[in-house]
>>> print(open('target_16.csv').read())   # CSV, C-alpha atoms
chain,number,residue,atom,x,y,z
A,208,MET,CA,6.4,6.7,6.3
A,209,SER,CA,7.5,8.7,9.3
A,210,THR,CA,10.0,7.6,11.9
A,211,THR,CA,11.0,9.0,15.3
A,212,ALA,CA,14.5,8.5,16.7
A,213,THR,CA,15.0,8.7,20.5
A,214,TYR,CA,18.5,9.2,22.0
A,215,GLY,CA,19.7,9.1,25.6
A,216,GLY,CA,17.9,8.2,28.8
A,217,ASP,CA,17.9,5.1,30.9
A,218,GLY,CA,14.4,5.5,32.4
A,219,SER,CA,15.3,8.0,35.1
A,220,GLU,CA,13.3,11.2,35.3
A,221,GLN,CA,16.3,13.4,35.1
A,222,LYS,CA,17.7,11.8,32.0
A,223,ALA,CA,14.3,11.6,30.4
A,224,LYS,CA,14.3,15.4,30.3
A,225,ARG,CA,17.4,15.3,28.1
A,226,ILE,CA,15.9,13.0,25.6
A,227,LYS,CA,16.2,14.4,22.1
A,228,ARG,CA,13.6,13.5,19.5
A,229,LYS,CA,13.9,14.0,15.8
A,230,THR,CA,11.5,13.0,13.0
A,231,TYR,CA,12.6,11.6,9.7
A,232,VAL,CA,10.2,11.3,6.8
A,233,GLY,CA,10.6,9.4,3.5
A,234,GLU,CA,12.4,6.3,2.3
A,235,THR,CA,15.8,8.0,1.8
A,236,GLU,CA,15.8,9.0,5.4
A,237,ILE,CA,14.5,5.9,7.2
A,238,TYR,CA,16.8,3.4,5.5
A,239,CYS,CA,19.8,4.8,7.3
A,240,TRP,CA,20.4,2.9,10.6
A,241,ARG,CA,20.2,4.9,13.8
A,242,GLU,CA,20.1,3.8,17.4
A,243,ASN,CA,16.7,3.6,19.0
A,244,MET,CA,14.9,4.7,15.9
A,245,GLU,CA,11.2,3.7,15.9
A,246,LEU,CA,9.2,3.5,12.7
A,247,LYS,CA,5.6,4.7,12.6
A,248,ASN,CA,3.0,4.5,9.9
A,249,PRO,CA,0.2,7.0,10.5
A,250,LEU,CA,-2.3,4.9,8.4
A,251,LYS,CA,-4.1,1.7,9.1
A,252,GLU,CA,-6.1,0.2,6.2
A,253,GLY,CA,-5.6,3.4,4.4
A,254,VAL,CA,-7.3,5.5,7.1
A,255,VAL,CA,-5.4,8.0,9.3
A,256,GLU,CA,-4.8,6.5,12.8
A,257,ASN,CA,-1.9,8.6,14.2
A,258,TRP,CA,-2.7,12.3,13.5
A,259,ASP,CA,0.6,13.6,14.9
A,260,THR,CA,2.7,11.5,12.5
A,261,TYR,CA,0.3,12.3,9.7
A,262,GLU,CA,0.8,16.0,10.2
A,263,ALA,CA,4.6,15.4,10.0
A,264,LEU,CA,4.0,14.0,6.5
A,265,TRP,CA,2.2,17.1,5.4
A,266,ASP,CA,4.9,19.3,6.9
A,267,HIS,CA,7.5,17.3,5.0
A,268,ALA,CA,5.6,17.5,1.7
A,269,PHE,CA,5.2,21.3,1.8
A,270,ALA,CA,8.8,21.7,2.9
A,271,ARG,CA,10.1,19.6,0.0
A,272,LEU,CA,7.9,21.4,-2.4
A,273,ARG,CA,9.2,24.7,-1.0
A,274,THR,CA,5.7,26.1,-1.2
A,275,ASP,CA,3.4,28.0,1.2
A,276,ALA,CA,0.2,26.0,1.8
A,277,ARG,CA,-1.7,29.3,2.1
A,278,GLU,CA,-1.1,30.1,-1.5
A,279,HIS,CA,-2.4,26.9,-3.2
A,280,PRO,CA,-5.7,24.9,-3.2
A,281,LEU,CA,-5.3,21.4,-1.8
A,282,LEU,CA,-6.7,18.2,-3.4
A,283,LEU,CA,-6.4,15.1,-1.3
A,284,SER,CA,-7.3,11.5,-2.1
A,285,GLU,CA,-9.0,9.2,0.5
A,286,PRO,CA,-10.0,5.5,0.6
A,287,SER,CA,-13.6,4.9,-0.4
A,288,TRP,CA,-14.4,3.6,3.1
A,289,ASN,CA,-13.1,6.6,5.0
A,290,GLN,CA,-15.4,7.6,7.9
A,291,ARG,CA,-17.1,11.0,8.3
A,292,GLU,CA,-15.1,11.8,11.5
A,293,SER,CA,-11.8,11.3,9.6
A,294,ARG,CA,-13.0,13.5,6.7
A,295,GLU,CA,-14.0,16.3,9.1
A,296,LYS,CA,-10.6,16.1,10.8
A,297,LEU,CA,-8.8,16.4,7.4
A,298,ILE,CA,-10.9,19.4,6.5
A,299,GLU,CA,-10.2,21.0,9.9
A,300,LEU,CA,-6.5,20.3,9.6
A,301,ALA,CA,-6.3,21.8,6.1
A,302,PHE,CA,-8.1,25.0,7.0
A,303,GLU,CA,-7.0,25.5,10.6
A,304,LYS,CA,-3.3,24.6,10.6
A,305,TYR,CA,-2.3,25.0,7.0
A,306,GLU,CA,-4.8,27.7,6.1
A,307,VAL,CA,-5.3,26.5,2.5
A,308,PRO,CA,-7.5,28.8,0.4
A,309,CYS,CA,-9.5,25.8,-1.0
A,310,PHE,CA,-9.8,22.2,-0.3
A,311,TYR,CA,-11.3,19.0,-1.8
A,312,LEU,CA,-11.4,15.3,-0.9
A,313,ALA,CA,-11.7,12.8,-3.7
A,314,ARG,CA,-12.2,9.0,-3.5
A,315,SER,CA,-9.1,7.2,-4.6
A,316,ALA,CA,-11.2,4.7,-6.6
A,317,VAL,CA,-12.8,7.5,-8.6
A,318,LEU,CA,-9.4,9.0,-9.3
A,319,SER,CA,-8.0,5.7,-10.5
A,320,ALA,CA,-11.0,5.3,-12.8
A,321,PHE,CA,-10.3,8.7,-14.2
A,322,ALA,CA,-6.6,7.9,-14.7
A,323,ALA,CA,-7.8,4.9,-16.8
A,324,GLY,CA,-10.1,7.2,-18.9
A,325,ARG,CA,-13.2,5.8,-17.3
A,326,SER,CA,-16.1,7.4,-15.4
A,327,THR,CA,-17.7,4.0,-14.8
A,328,ALA,CA,-15.5,1.1,-13.7
A,329,LEU,CA,-14.9,-1.6,-11.1
A,330,VAL,CA,-11.6,-0.5,-9.5
A,331,LEU,CA,-9.6,-3.4,-8.1
A,332,ASP,CA,-6.9,-1.8,-5.9
A,333,SER,CA,-4.3,-4.0,-4.3
A,334,GLY,CA,-1.5,-2.1,-2.6
A,335,GLY,CA,0.5,-2.8,0.6
A,336,THR,CA,-2.1,-3.5,3.3
A,337,MET,CA,-5.5,-3.6,1.6
A,338,THR,CA,-7.2,-5.2,-1.5
A,339,SER,CA,-10.5,-3.6,-2.4
A,340,ALA,CA,-13.1,-3.8,-5.2
A,341,VAL,CA,-14.9,-0.6,-5.5
A,342,PRO,CA,-17.6,0.1,-8.2
A,343,VAL,CA,-17.6,3.6,-9.6
A,344,VAL,CA,-20.6,4.7,-11.7
A,345,ASP,CA,-20.5,8.1,-13.4
A,346,GLY,CA,-17.8,9.3,-11.0
A,347,TYR,CA,-19.6,8.2,-7.9
A,348,VAL,CA,-18.7,5.3,-5.5
A,349,LEU,CA,-21.4,2.8,-4.8
A,350,LYS,CA,-20.7,2.4,-1.1
A,351,LYS,CA,-23.1,-0.5,-0.6
A,352,ALA,CA,-21.0,-2.7,-3.0
A,353,ILE,CA,-17.5,-2.0,-1.6
A,354,GLN,CA,-15.6,-5.1,-0.8
A,355,LYS,CA,-12.2,-5.1,0.9
A,356,GLN,CA,-9.9,-7.3,2.9
A,357,PRO,CA,-6.4,-6.8,4.6
A,358,PHE,CA,-4.6,-9.2,2.2
A,359,ALA,CA,-2.4,-7.5,-0.3
A,360,GLY,CA,1.3,-6.9,-0.9
A,361,ASP,CA,2.2,-7.2,2.8
A,362,PHE,CA,0.4,-10.5,2.9
A,363,VAL,CA,2.4,-11.9,0.0
A,364,SER,CA,5.6,-10.7,1.7
A,365,LYS,CA,4.6,-12.5,4.9
A,366,GLN,CA,3.8,-15.7,2.8
A,367,ALA,CA,7.3,-15.4,1.3
A,368,LEU,CA,8.9,-15.1,4.7
A,369,LEU,CA,7.0,-18.1,6.1
A,370,TYR,CA,8.0,-20.2,3.1
A,371,LEU,CA,11.7,-19.2,3.5
A,372,LYS,CA,11.6,-20.0,7.2
A,373,GLU,CA,10.1,-23.5,6.4
A,374,LYS,CA,13.1,-24.1,4.2
A,375,GLY,CA,15.5,-23.0,6.9
A,376,ILE,CA,16.5,-19.8,5.2
A,377,GLU,CA,17.1,-17.0,7.7
A,378,ILE,CA,16.8,-13.4,6.5
A,379,THR,CA,19.7,-11.1,7.3
A,380,PRO,CA,18.9,-7.4,6.7
A,381,GLN,CA,21.3,-5.3,4.6
A,382,TYR,CA,22.1,-3.0,7.6
A,383,LEU,CA,23.7,-5.9,9.5
A,384,VAL,CA,26.0,-7.0,6.6
A,385,ALA,CA,29.5,-5.6,6.7
A,386,LYS,CA,31.1,-8.0,4.2
A,387,LYS,CA,30.1,-11.1,2.3
A,388,SER,CA,31.8,-13.7,0.1
A,389,ALA,CA,30.5,-15.6,-2.9
A,390,VAL,CA,29.1,-19.1,-2.2
A,391,ASP,CA,27.6,-21.8,-4.5
A,392,ALA,CA,23.9,-22.1,-4.8
A,393,GLY,CA,22.3,-23.6,-1.7
A,394,GLN,CA,25.4,-23.3,0.5
A,395,PRO,CA,25.5,-21.4,3.8
A,396,ALA,CA,26.2,-17.7,3.6
A,397,LYS,CA,29.7,-16.4,4.5
A,398,CYS,CA,29.4,-12.9,5.8
A,399,GLN,CA,30.7,-10.6,8.5
A,400,LEU,CA,28.0,-8.8,10.5
A,401,ARG,CA,28.1,-5.3,11.9
A,402,ASP,CA,27.5,-4.5,15.5
A,403,ARG,CA,24.2,-2.6,15.6
A,404,PRO,CA,23.4,-2.0,19.3
A,405,ASN,CA,20.0,-0.6,20.4
A,406,THR,CA,18.3,-1.4,17.1
A,407,SER,CA,14.5,-1.1,17.5
A,408,GLN,CA,12.3,-4.0,16.6
A,409,SER,CA,10.4,-1.9,14.1
A,410,PHE,CA,13.6,-0.9,12.2
A,411,HIS,CA,14.8,-4.5,12.1
A,412,GLU,CA,11.4,-5.7,10.7
A,413,MET,CA,11.6,-3.0,8.1
A,414,GLY,CA,15.1,-4.2,7.1
A,415,VAL,CA,13.8,-7.8,6.8
A,416,SER,CA,10.8,-6.6,4.8
A,417,ARG,CA,13.1,-4.8,2.3
A,418,VAL,CA,14.9,-8.0,1.6
A,419,ILE,CA,11.6,-9.9,1.3
A,420,ASP,CA,10.2,-7.2,-1.0
A,421,GLU,CA,13.2,-7.5,-3.4
A,422,PHE,CA,12.8,-11.3,-3.3
A,423,LYS,CA,9.1,-11.0,-4.1
A,424,GLN,CA,9.6,-8.6,-7.0
A,425,THR,CA,12.4,-10.6,-8.5
A,426,VAL,CA,11.2,-14.2,-8.0
A,427,CYS,CA,7.4,-14.4,-7.3
A,428,HIS,CA,5.0,-15.0,-10.1
A,429,VAL,CA,1.2,-15.4,-10.3
A,430,SER,CA,0.1,-18.4,-12.4
A,431,GLU,CA,-1.8,-16.9,-15.4
A,432,TYR,CA,-4.5,-19.6,-15.2
A,433,ALA,CA,-5.9,-21.8,-12.5
A,434,PHE,CA,-3.0,-23.3,-10.6
A,435,ASP,CA,-1.8,-26.6,-12.0
A,436,GLU,CA,1.2,-28.0,-10.3
A,437,ASN,CA,2.2,-30.2,-13.3
A,438,GLN,CA,2.1,-27.2,-15.6
A,439,VAL,CA,3.9,-24.9,-13.2
A,440,LYS,CA,6.8,-27.4,-12.8
A,441,LEU,CA,7.6,-26.8,-16.4
A,442,ARG,CA,8.1,-23.1,-16.0
A,443,PRO,CA,11.7,-21.7,-15.7
A,444,VAL,CA,13.3,-21.4,-12.3
A,445,LYS,CA,14.8,-18.1,-11.0
A,446,ASN,CA,17.9,-17.5,-9.0
A,447,PHE,CA,18.0,-15.0,-6.1
A,448,GLU,CA,20.9,-13.8,-3.9
A,449,PHE,CA,20.0,-12.5,-0.5
A,450,ALA,CA,21.7,-9.6,1.3
A,451,ASP,CA,24.1,-11.9,3.2
A,452,GLY,CA,25.3,-13.7,0.0
A,453,TYR,CA,23.2,-16.9,0.3
A,454,ASN,CA,21.6,-17.7,-3.0
A,455,ASN,CA,19.5,-20.5,-4.5
A,456,VAL,CA,17.1,-21.3,-7.3
A,457,PHE,CA,13.3,-21.2,-6.9
A,458,GLY,CA,10.9,-23.1,-9.1
A,459,ILE,CA,7.3,-24.1,-8.3
A,460,GLU,CA,7.5,-22.4,-4.9
A,461,ARG,CA,7.7,-19.0,-6.5
A,462,PHE,CA,4.2,-19.5,-7.9
A,463,LYS,CA,2.8,-21.0,-4.7
A,464,ILE,CA,3.8,-17.9,-2.6
A,465,ALA,CA,1.4,-15.6,-4.3
A,466,GLU,CA,-1.3,-18.2,-5.1
A,467,GLY,CA,-3.0,-17.6,-1.8
A,468,LEU,CA,-4.4,-14.4,-3.2
A,469,PHE,CA,-6.5,-16.5,-5.7
A,470,THR,CA,-6.7,-20.0,-4.0
A,471,PRO,CA,-6.9,-19.7,-0.2
A,472,LYS,CA,-6.0,-23.3,0.4
A,473,PHE,CA,-2.4,-22.4,-0.6
A,474,VAL,CA,-2.1,-19.9,2.3
A,475,LEU,CA,0.7,-20.7,4.7
A,476,LYS,CA,-0.5,-20.3,8.3
A,477,ASP,CA,1.7,-18.4,10.8
A,478,PRO,CA,1.9,-20.7,13.9
A,479,SER,CA,2.5,-17.7,16.1
A,480,ASP,CA,-0.7,-15.9,15.0
A,481,ALA,CA,-3.8,-17.9,16.2
A,482,SER,CA,-6.2,-15.1,15.2
A,483,GLU,CA,-5.0,-15.1,11.5
A,484,ASN,CA,-7.9,-15.1,9.1
A,485,THR,CA,-8.0,-16.6,5.6
A,486,PRO,CA,-8.5,-14.4,2.6
A,487,ILE,CA,-11.2,-14.9,0.0
A,488,SER,CA,-10.1,-15.1,-3.6
A,489,ILE,CA,-9.5,-11.8,-5.3
A,490,THR,CA,-11.8,-13.0,-8.1
A,491,ASP,CA,-14.6,-13.7,-5.6
A,492,LEU,CA,-13.9,-10.2,-4.1
A,493,VAL,CA,-14.6,-8.6,-7.6
A,494,GLN,CA,-17.6,-10.7,-8.3
A,495,ASN,CA,-19.1,-10.1,-4.8
A,496,SER,CA,-18.8,-6.3,-5.4
A,497,ILE,CA,-20.4,-6.5,-8.9
A,498,ASN,CA,-23.2,-8.7,-7.7
A,499,ALA,CA,-24.0,-6.3,-5.0
A,500,CYS,CA,-24.8,-3.7,-7.7
A,501,ASP,CA,-28.1,-3.4,-9.6
A,502,PRO,CA,-28.3,-5.9,-12.4
A,503,ASP,CA,-28.4,-3.2,-15.1
A,504,LEU,CA,-25.0,-1.9,-13.9
A,505,ARG,CA,-23.2,-5.2,-13.9
A,506,THR,CA,-22.9,-5.3,-17.7
A,507,GLN,CA,-21.2,-1.9,-17.5
A,508,LEU,CA,-18.7,-3.0,-14.8
A,509,TYR,CA,-17.4,-6.3,-16.2
A,510,PRO,CA,-16.0,-4.7,-19.4
A,511,ASN,CA,-14.3,-2.0,-17.3
A,512,VAL,CA,-12.3,-3.6,-14.5
A,513,VAL,CA,-9.4,-1.2,-13.6
A,514,LEU,CA,-6.3,-2.6,-11.8
A,515,THR,CA,-4.3,-0.3,-9.6
A,516,GLY,CA,-1.8,-0.6,-6.7
A,517,ALA,CA,1.7,-2.0,-6.6
A,518,ASN,CA,0.6,-5.5,-5.7
A,519,THR,CA,-1.1,-5.8,-9.1
A,520,LEU,CA,2.3,-5.5,-10.7
A,521,LEU,CA,3.2,-9.0,-9.8
A,522,PRO,CA,3.9,-10.9,-13.1
A,523,GLY,CA,0.8,-12.8,-14.1
A,524,PHE,CA,-1.6,-10.9,-11.8
A,525,ALA,CA,-3.6,-9.1,-14.5
A,526,ASP,CA,-3.8,-12.2,-16.7
A,527,ARG,CA,-5.0,-14.3,-13.8
A,528,VAL,CA,-7.8,-11.9,-12.9
A,529,HIS,CA,-8.8,-11.7,-16.6
A,530,SER,CA,-8.8,-15.4,-17.2
A,531,GLU,CA,-10.9,-16.1,-14.0
A,532,LEU,CA,-13.4,-13.3,-14.6
A,533,LEU,CA,-13.7,-14.3,-18.2
A,534,THR,CA,-15.1,-17.7,-17.2
A,535,ALA,CA,-17.8,-16.0,-15.1
A,536,ALA,CA,-18.5,-13.2,-17.5
A,537,PRO,CA,-17.4,-13.5,-21.2
A,538,GLY,CA,-17.5,-9.8,-21.7
A,539,THR,CA,-14.9,-9.0,-19.1
A,540,LYS,CA,-12.1,-6.6,-20.0
A,541,ILE,CA,-9.2,-5.6,-17.8
A,542,GLN,CA,-7.7,-2.0,-17.9
A,543,ALA,CA,-4.2,-2.2,-16.5
A,544,ALA,CA,-1.6,0.5,-17.2
A,545,GLY,CA,1.6,-1.0,-18.4
A,546,LEU,CA,4.0,1.4,-16.7
A,547,THR,CA,4.9,0.8,-13.1
A,548,THR,CA,4.5,4.4,-12.2
A,549,GLU,CA,1.0,4.7,-13.6
A,550,ARG,CA,-0.2,1.5,-11.8
A,551,ARG,CA,1.3,2.6,-8.4
A,552,PHE,CA,0.2,6.2,-8.5
A,553,SER,CA,-3.0,6.2,-10.5
A,554,PRO,CA,-4.9,8.2,-7.8
A,555,TRP,CA,-2.3,11.0,-8.2
A,556,ILE,CA,-2.7,10.9,-12.0
A,557,GLY,CA,-6.5,10.9,-11.7
A,558,GLY,CA,-6.3,13.8,-9.3
A,559,SER,CA,-4.2,15.8,-11.8
A,560,ILE,CA,-6.8,15.1,-14.5
A,561,LEU,CA,-9.7,16.0,-12.2
A,562,ALA,CA,-8.1,19.3,-11.1
A,563,SER,CA,-7.4,20.3,-14.7
A,564,LEU,CA,-11.1,20.1,-15.7
A,565,GLY,CA,-12.6,23.5,-16.4
A,566,THR,CA,-15.7,22.7,-14.2
A,567,PHE,CA,-13.7,21.5,-11.2
A,568,HIS,CA,-13.5,25.0,-9.7
A,569,GLN,CA,-17.2,24.6,-8.7
A,570,LEU,CA,-16.3,21.7,-6.4
A,571,TRP,CA,-13.7,23.4,-4.3
A,572,ILE,CA,-14.6,24.0,-0.6
A,573,SER,CA,-13.5,27.6,0.0
A,574,LYS,CA,-12.1,29.0,3.2
A,575,GLN,CA,-15.1,31.3,3.4
A,576,GLU,CA,-17.5,28.3,3.3
A,577,TYR,CA,-15.5,26.6,6.0
A,578,GLU,CA,-15.6,29.7,8.2
A,579,GLU,CA,-19.4,29.9,7.8
A,580,ASN,CA,-20.2,26.2,8.2
A,581,GLY,CA,-17.2,24.6,10.0
A,582,VAL,CA,-16.6,20.9,9.4
A,583,ASN,CA,-20.2,20.5,8.3
A,584,VAL,CA,-19.1,21.4,4.8
A,585,GLU,CA,-18.0,17.7,4.6
A,586,LYS,CA,-21.6,17.0,3.6
A,587,ARG,CA,-21.0,18.7,0.3
A,588,LEU,CA,-18.3,16.2,-0.7
A,589,HIS,CA,-19.3,13.2,-2.8
>>> encode(input="target_16.csv", output="structure tokens")
Amino acid sequence: MSTTATYGGDGSEQKAKRIKRKTYVGETEIYCWRENMELKNPLKEGVVENWDTYEALWDHAFARLRTDAREHPLLLSEPSWNQRESREKLIELAFEKYEVPCFYLARSAVLSAFAAGRSTALVLDSGGTMTSAVPVVDGYVLKKAIQKQPFAGDFVSKQALLYLKEKGIEITPQYLVAKKSAVDAGQPAKCQLRDRPNTSQSFHEMGVSRVIDEFKQTVCHVSEYAFDENQVKLRPVKNFEFADGYNNVFGIERFKIAEGLFTPKFVLKDPSDASENTPISITDLVQNSINACDPDLRTQLYPNVVLTGANTLLPGFADRVHSELLTAAPGTKIQAAGLTTERRFSPWIGGSILASLGTFHQLWISKQEYEENGVNVEKRLH
């Protein structure tokens, strides 16, 4: 994520000329509070939307690696629904600005399948903003069967925030807390707040989301089987302490927060968002994708469902997908890496596997090819 901090200026033309802008990239940089710092994400639904901010990410990556882009081929992953215009822009950026000797774009679903040791698989990717079901057959994406929806980790975080607001629990970000005292469970927080003038709305929202993310990762759980309130009530409760010192125990509600991913009727509606849509069940998303494939391919996909993305790391997520798909297709098998790093960064792992293959050098787009054909070389990519 890239952020831009703006200092000085009161709107007058003279002072506007003295405004200083500086860009910070990466989690270690943006978590430090600064006046008037705006946060910008260059991606929307996995596709580049803000190219200036996106270039700042590339600049940061090459600087941190201490490498000259002109000396190394570049392999980049992309969402399976990336548009041709965006792909052409990426090719142009790589060869024109960074002058890489070779370049290649690979579908992230294909790379995730390779990371799981599969060339044919149904890749269920649930990250921060998007959940997608993408069938991969012999290393190729079947575009007609791609299913996606903007309900993933951020959706669960929003559900958690709505639930806490319903319970009257206000979230105080860490950057505002100067000092806190211990209190009993359920009692109001006792803390001293810092004065943080000129804090941007985007930075404040990021501070709140950090608290919510920690709450989600610590407390939330997906019921391994179809949600049964009587059964869930028997599960252990969990205690959580917020940044301001308020703490409480959470029981059945910790299962309800994430249940909206699988049972839409449990989704809490945001009264301030009249246009909010309701997600379809993740299981239905997978089945819709497989059913859109040819019948002879379905028997190959059900035994090879690959989970990737940080949202799939919610406890019980993989078991729930398996139990529900098993009812529809008895031969269903779930491939889910046990390590957090492997699940979060499977496209990167798959990319390293792909690039190490002896035959991969034939797929590179060379600088000479680009100079001869321009962005039309995009047609050679799978």
>>> residues_around(input="target_16.csv", residues="region 350-355 of chain A", least_positions_apart="2", cutoff="8 Å", atoms="only C-alpha atoms", output="list in words")
Ser287, Trp288, Met337, Thr338, Ser339, Ala340, Val341, Pro342, Val348, Pro357, Leu492, Val493, Asn495, Ser496, Ile497, Asn498, Ala499 and Cys500 of chain A
>>> closest_residue(input="target_16.csv", among="A:Gly253, A:Leu564, A:Tyr453, A:Arg442", to="Gly375 (chain A)", atoms="all atoms listed in the file")
A:Tyr453
>>> residues_around(input="target_16.csv", residues="region 312-324 of chain A", least_positions_apart="2", cutoff="8 Å", atoms="only C-alpha atoms", output="PyMOL selection string")
chain A and resi 282-287+294+310+326-328+330+332+341+343+346-348+513+515+542-544+553-558+560-561+588-589
>>> closest_residue(input="target_16.csv", among="A:Ile541, A:Asn437, A:Glu431, A:Val426", to="Gly458 (chain A)", atoms="all atoms listed in the file")
A:Val426
>>> atom_distance(input="target_16.csv", atom1="CA of Ala367 (chain A)", atom2="CA of Asp491 (chain A)")
23.0 Å
>>> closest_residue(input="target_16.csv", among="A:Ser563, A:Gln394, A:Gln399, A:Asn484", to="Pro471 (chain A)", atoms="only C-alpha atoms")
A:Asn484
>>> axis_aligned_box(input="target_16.csv", around="region 325-332 of chain A", padding_each_side="8 Å", output="AutoDock Vina command-line options")
--center_x -12.3 --center_y 2.0 --center_z -11.6 --size_x 26.8 --size_y 26.8 --size_z 27.4
>>> atom_distance(input="target_16.csv", atom1="CA of Gln366 (chain A)", atom2="CA of Asp477 (chain A)")
8.7 Å
>>> residues_around(input="target_16.csv", residues="Lys304 (chain A)", least_positions_apart="6", cutoff="12 Å", atoms="all atoms listed in the file", output="tab-separated table (two decimals) with C-alpha atoms, in the coordinates of the input")
chain	number	residue	atom	x	y	z
A	262	GLU	CA	0.80	16.00	10.20
A	265	TRP	CA	2.20	17.10	5.40
A	266	ASP	CA	4.90	19.30	6.90
A	276	ALA	CA	0.20	26.00	1.80
A	277	ARG	CA	-1.70	29.30	2.10
A	296	LYS	CA	-10.60	16.10	10.80
A	297	LEU	CA	-8.80	16.40	7.40
A	298	ILE	CA	-10.90	19.40	6.50
>>> residues_around(input="target_16.csv", residues="Glu256 (chain A)", least_positions_apart="3", cutoff="12 Å", atoms="all atoms listed in the file", output="MDAnalysis selection string")
chainID A and resid 247:253 259:262 289:290 292:293 296:297
>>> atom_distance(input="target_16.csv", atom1="CA of Pro502 (chain A)", atom2="CA of Ser333 (chain A)")
25.4 Å
>>> closest_residue(input="target_16.csv", among="A:Gln438, A:Thr506, A:Asn243, A:Ser364", to="Ser416 (chain A)", atoms="all atoms listed in the file")
A:Ser364
>>> residues_around(input="target_16.csv", residues="Leu264 (chain A)", least_positions_apart="6", cutoff="12 Å", atoms="only C-alpha atoms", output="MDAnalysis selection string")
chainID A and resid 208:210 230:233 247:250 255 257:258 270:271
>>> build_atoms(input="target_16.csv", residues="region 575-580 of chain A", atoms="all heavy atoms", output="PDB file, in the coordinates of the input")
ATOM      1  N   GLN A 575     -13.949  30.522   2.955  1.00  0.00           N
ATOM      2  CA  GLN A 575     -15.100  31.300   3.400  1.00  0.00           C
ATOM      3  C   GLN A 575     -16.261  30.290   3.798  1.00  0.00           C
ATOM      4  O   GLN A 575     -16.922  30.466   4.816  1.00  0.00           O
ATOM      5  CB  GLN A 575     -15.604  32.222   2.332  1.00  0.00           C
ATOM      6  CG  GLN A 575     -16.820  33.035   2.748  1.00  0.00           C
ATOM      7  CD  GLN A 575     -17.281  33.988   1.654  1.00  0.00           C
ATOM      8  OE1 GLN A 575     -16.618  34.133   0.634  1.00  0.00           O
ATOM      9  NE2 GLN A 575     -18.423  34.626   1.860  1.00  0.00           N
ATOM     10  N   GLU A 576     -16.458  29.260   2.959  1.00  0.00           N
ATOM     11  CA  GLU A 576     -17.500  28.300   3.300  1.00  0.00           C
ATOM     12  C   GLU A 576     -17.171  27.553   4.589  1.00  0.00           C
ATOM     13  O   GLU A 576     -18.063  27.279   5.396  1.00  0.00           O
ATOM     14  CB  GLU A 576     -17.563  27.216   2.149  1.00  0.00           C
ATOM     15  CG  GLU A 576     -18.249  27.677   0.891  1.00  0.00           C
ATOM     16  CD  GLU A 576     -18.329  26.562  -0.125  1.00  0.00           C
ATOM     17  OE1 GLU A 576     -19.320  25.794  -0.090  1.00  0.00           O
ATOM     18  OE2 GLU A 576     -17.398  26.434  -0.939  1.00  0.00           O
ATOM     19  N   TYR A 577     -15.891  27.258   4.797  1.00  0.00           N
ATOM     20  CA  TYR A 577     -15.500  26.600   6.000  1.00  0.00           C
ATOM     21  C   TYR A 577     -15.753  27.477   7.247  1.00  0.00           C
ATOM     22  O   TYR A 577     -16.241  27.022   8.288  1.00  0.00           O
ATOM     23  CB  TYR A 577     -14.032  26.174   5.973  1.00  0.00           C
ATOM     24  CG  TYR A 577     -13.517  25.622   7.281  1.00  0.00           C
ATOM     25  CD1 TYR A 577     -13.849  24.340   7.704  1.00  0.00           C
ATOM     26  CD2 TYR A 577     -12.715  26.403   8.121  1.00  0.00           C
ATOM     27  CE1 TYR A 577     -13.407  23.840   8.915  1.00  0.00           C
ATOM     28  CE2 TYR A 577     -12.256  25.915   9.330  1.00  0.00           C
ATOM     29  CZ  TYR A 577     -12.609  24.633   9.728  1.00  0.00           C
ATOM     30  OH  TYR A 577     -12.166  24.152  10.931  1.00  0.00           O
ATOM     31  N   GLU A 578     -15.434  28.762   7.116  1.00  0.00           N
ATOM     32  CA  GLU A 578     -15.600  29.700   8.200  1.00  0.00           C
ATOM     33  C   GLU A 578     -17.115  29.849   8.554  1.00  0.00           C
ATOM     34  O   GLU A 578     -17.491  30.084   9.708  1.00  0.00           O
ATOM     35  CB  GLU A 578     -15.011  31.042   7.876  1.00  0.00           C
ATOM     36  CG  GLU A 578     -13.480  31.005   7.838  1.00  0.00           C
ATOM     37  CD  GLU A 578     -12.881  32.310   7.348  1.00  0.00           C
ATOM     38  OE1 GLU A 578     -13.643  33.142   6.794  1.00  0.00           O
ATOM     39  OE2 GLU A 578     -11.656  32.506   7.508  1.00  0.00           O
ATOM     40  N   GLU A 579     -17.977  29.707   7.538  1.00  0.00           N
ATOM     41  CA  GLU A 579     -19.400  29.900   7.800  1.00  0.00           C
ATOM     42  C   GLU A 579     -20.056  28.594   8.328  1.00  0.00           C
ATOM     43  O   GLU A 579     -20.973  28.670   9.146  1.00  0.00           O
ATOM     44  CB  GLU A 579     -20.105  30.231   6.440  1.00  0.00           C
ATOM     45  CG  GLU A 579     -19.738  31.615   5.925  1.00  0.00           C
ATOM     46  CD  GLU A 579     -20.339  31.886   4.559  1.00  0.00           C
ATOM     47  OE1 GLU A 579     -20.966  30.960   3.991  1.00  0.00           O
ATOM     48  OE2 GLU A 579     -20.194  33.019   4.055  1.00  0.00           O
ATOM     49  N   ASN A 580     -19.585  27.431   7.873  1.00  0.00           N
ATOM     50  CA  ASN A 580     -20.200  26.200   8.200  1.00  0.00           C
ATOM     51  C   ASN A 580     -19.406  25.209   9.056  1.00  0.00           C
ATOM     52  O   ASN A 580     -19.923  24.200   9.539  1.00  0.00           O
ATOM     53  CB  ASN A 580     -20.691  25.439   6.944  1.00  0.00           C
ATOM     54  CG  ASN A 580     -21.606  26.281   6.094  1.00  0.00           C
ATOM     55  OD1 ASN A 580     -22.745  26.541   6.472  1.00  0.00           O
ATOM     56  ND2 ASN A 580     -21.124  26.706   4.932  1.00  0.00           N
TER      57      ASN A 580
END
